[in-house]
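**Q** The structure that follows is given in the form of structure tokens.
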2 protein chains.
Amino acid sequence: MEPLELLECGSPLTREPLNADQAAAVARVFKALGDPVRLRILSIVASHAGGEACVCDITGAFDVSQPTISHHLKVLKEVGLLVSERRASWVYYRLVPETLAELSGLITVPAPA
Amino acid sequence: MEPLELLECGSPLTREPLNADQAAAVARVFKALGDPVRLRILSIVASHAGGEACVCDITGAFDVSQPTISHHLKVLKEVGLLVSERRASWVYYRLVPETLAELSGLITVPAPA
DNA sequence: CTTATGTATAGACAGGTGTCAATATAGATA
DNA sequence: TATCTATATTGACACCTGTCTATACATAAG
């Protein structure tokens, strides 16, 4: 899925009101970031050596079950924040920096005049 | 409420894993952004002339009821994204740019080397 | 082929969330 | 005081979400 297509020619949140479609597309991604476990997963993946982490690198950092981690990874993948690749027995997750960059740009507030 | 105190000396999401407390504090704010109506409210307030909008400026832009708008405004206020001030019969809402800026900084991805 | 390990899916369930109608509150005006 | 307008709160309800256990799937190793 192409993340946030609607925003590719969009404006920062502070310049003009978002229309309903843009808002729905962006809200999906923010919603995915709105869970503490998912935020930590994202930061573990993003800061991991080599730019990627396998599920086993992540599961150990939490008190929640492995299926729960798998569920959160799926959510992060579905909104375009992570991609995954299987290599042998392990599945490696990697950040999609473009998606974060779009969000970051969207909520950037112009410096006060 | 002081927004995101835990992050004031924090690192971008991509530098090192967030701890549980930081993740919980940040997730509250992203969660508030994870609703299309709230995103649109925020963009209406942020882009409105004078940097503020009264509830009546917002309600008309949506098909949802006035109590629902009031509820969303409360959520945005509670996480430190908006502040409000009553003047006569009207209540004006204004963006807290620092909160957005912290979020934006947090999800900023370093340029590829 | 069988077994072991890493990961994903299915189903269930408690608690949370967005919405509404009804009502309350605050301020202005008469 | 009474009444009107703008906004907030309450309570209800359908739906969504995060979590678990149990199980399935994928790959590797005997």
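Residue names in the structure tokens use chain letters A, B, ... in the order shown, residue numbers from 1 in each chain, and ligand numbers from 1 in the order shown.
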Please check the contacts: residues of chain B at most 10 Å away from chain C, using only C-alpha atoms (C1' of nucleotides), listed as a list in words.

**A**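 Using only C-alpha atoms (C1' of nucleotides), chain B residues at most 10 Å from chain C: Asp35, Val64, Ser65, Gln66, Pro67, Thr68, His71, His72, Arg86, Arg87, Ala88, Ser89 and Trp90 of chain B.
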
**Q** Contacts from chain B to chain A, 10 Å maximum, only C-alpha atoms: show me the residue list as a PyMOL selection string.

**A** chain B and resi 12-48+51+61-62+95-112

**Q** Pull the helix (DSSP H, G or I) assignments for range 35-73 of chain B out of DSSP run on the backbone, and list those residues as a ChimeraX atom specification.

**A** /B:36-47,49-51,55-59,66-73

**Q** Residues of chain D within 10 Å of chain B, using only C-alpha atoms (C1' of nucleotides), as number ranges by chain?

**A** D: 5-9

**Q** To one decimal place, how far is C1' of DG30 in chain D from CA of Thr59 in chain A in Å?

**A**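 Taking C1' of DG30 in chain D and CA of Thr59 in chain A, their separation equals 27.7 Å.
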
**Q** Just list the residues in chain A DSSP gives strand (DSSP E or B) on the backbone, as a list in words.

**A** Glu52, Ala53, Cys54, Leu82, Val83, Ser84, Glu85, Arg86, Arg87, Trp90, Val91, Tyr92, Tyr93, Arg94 and Leu95 of chain A
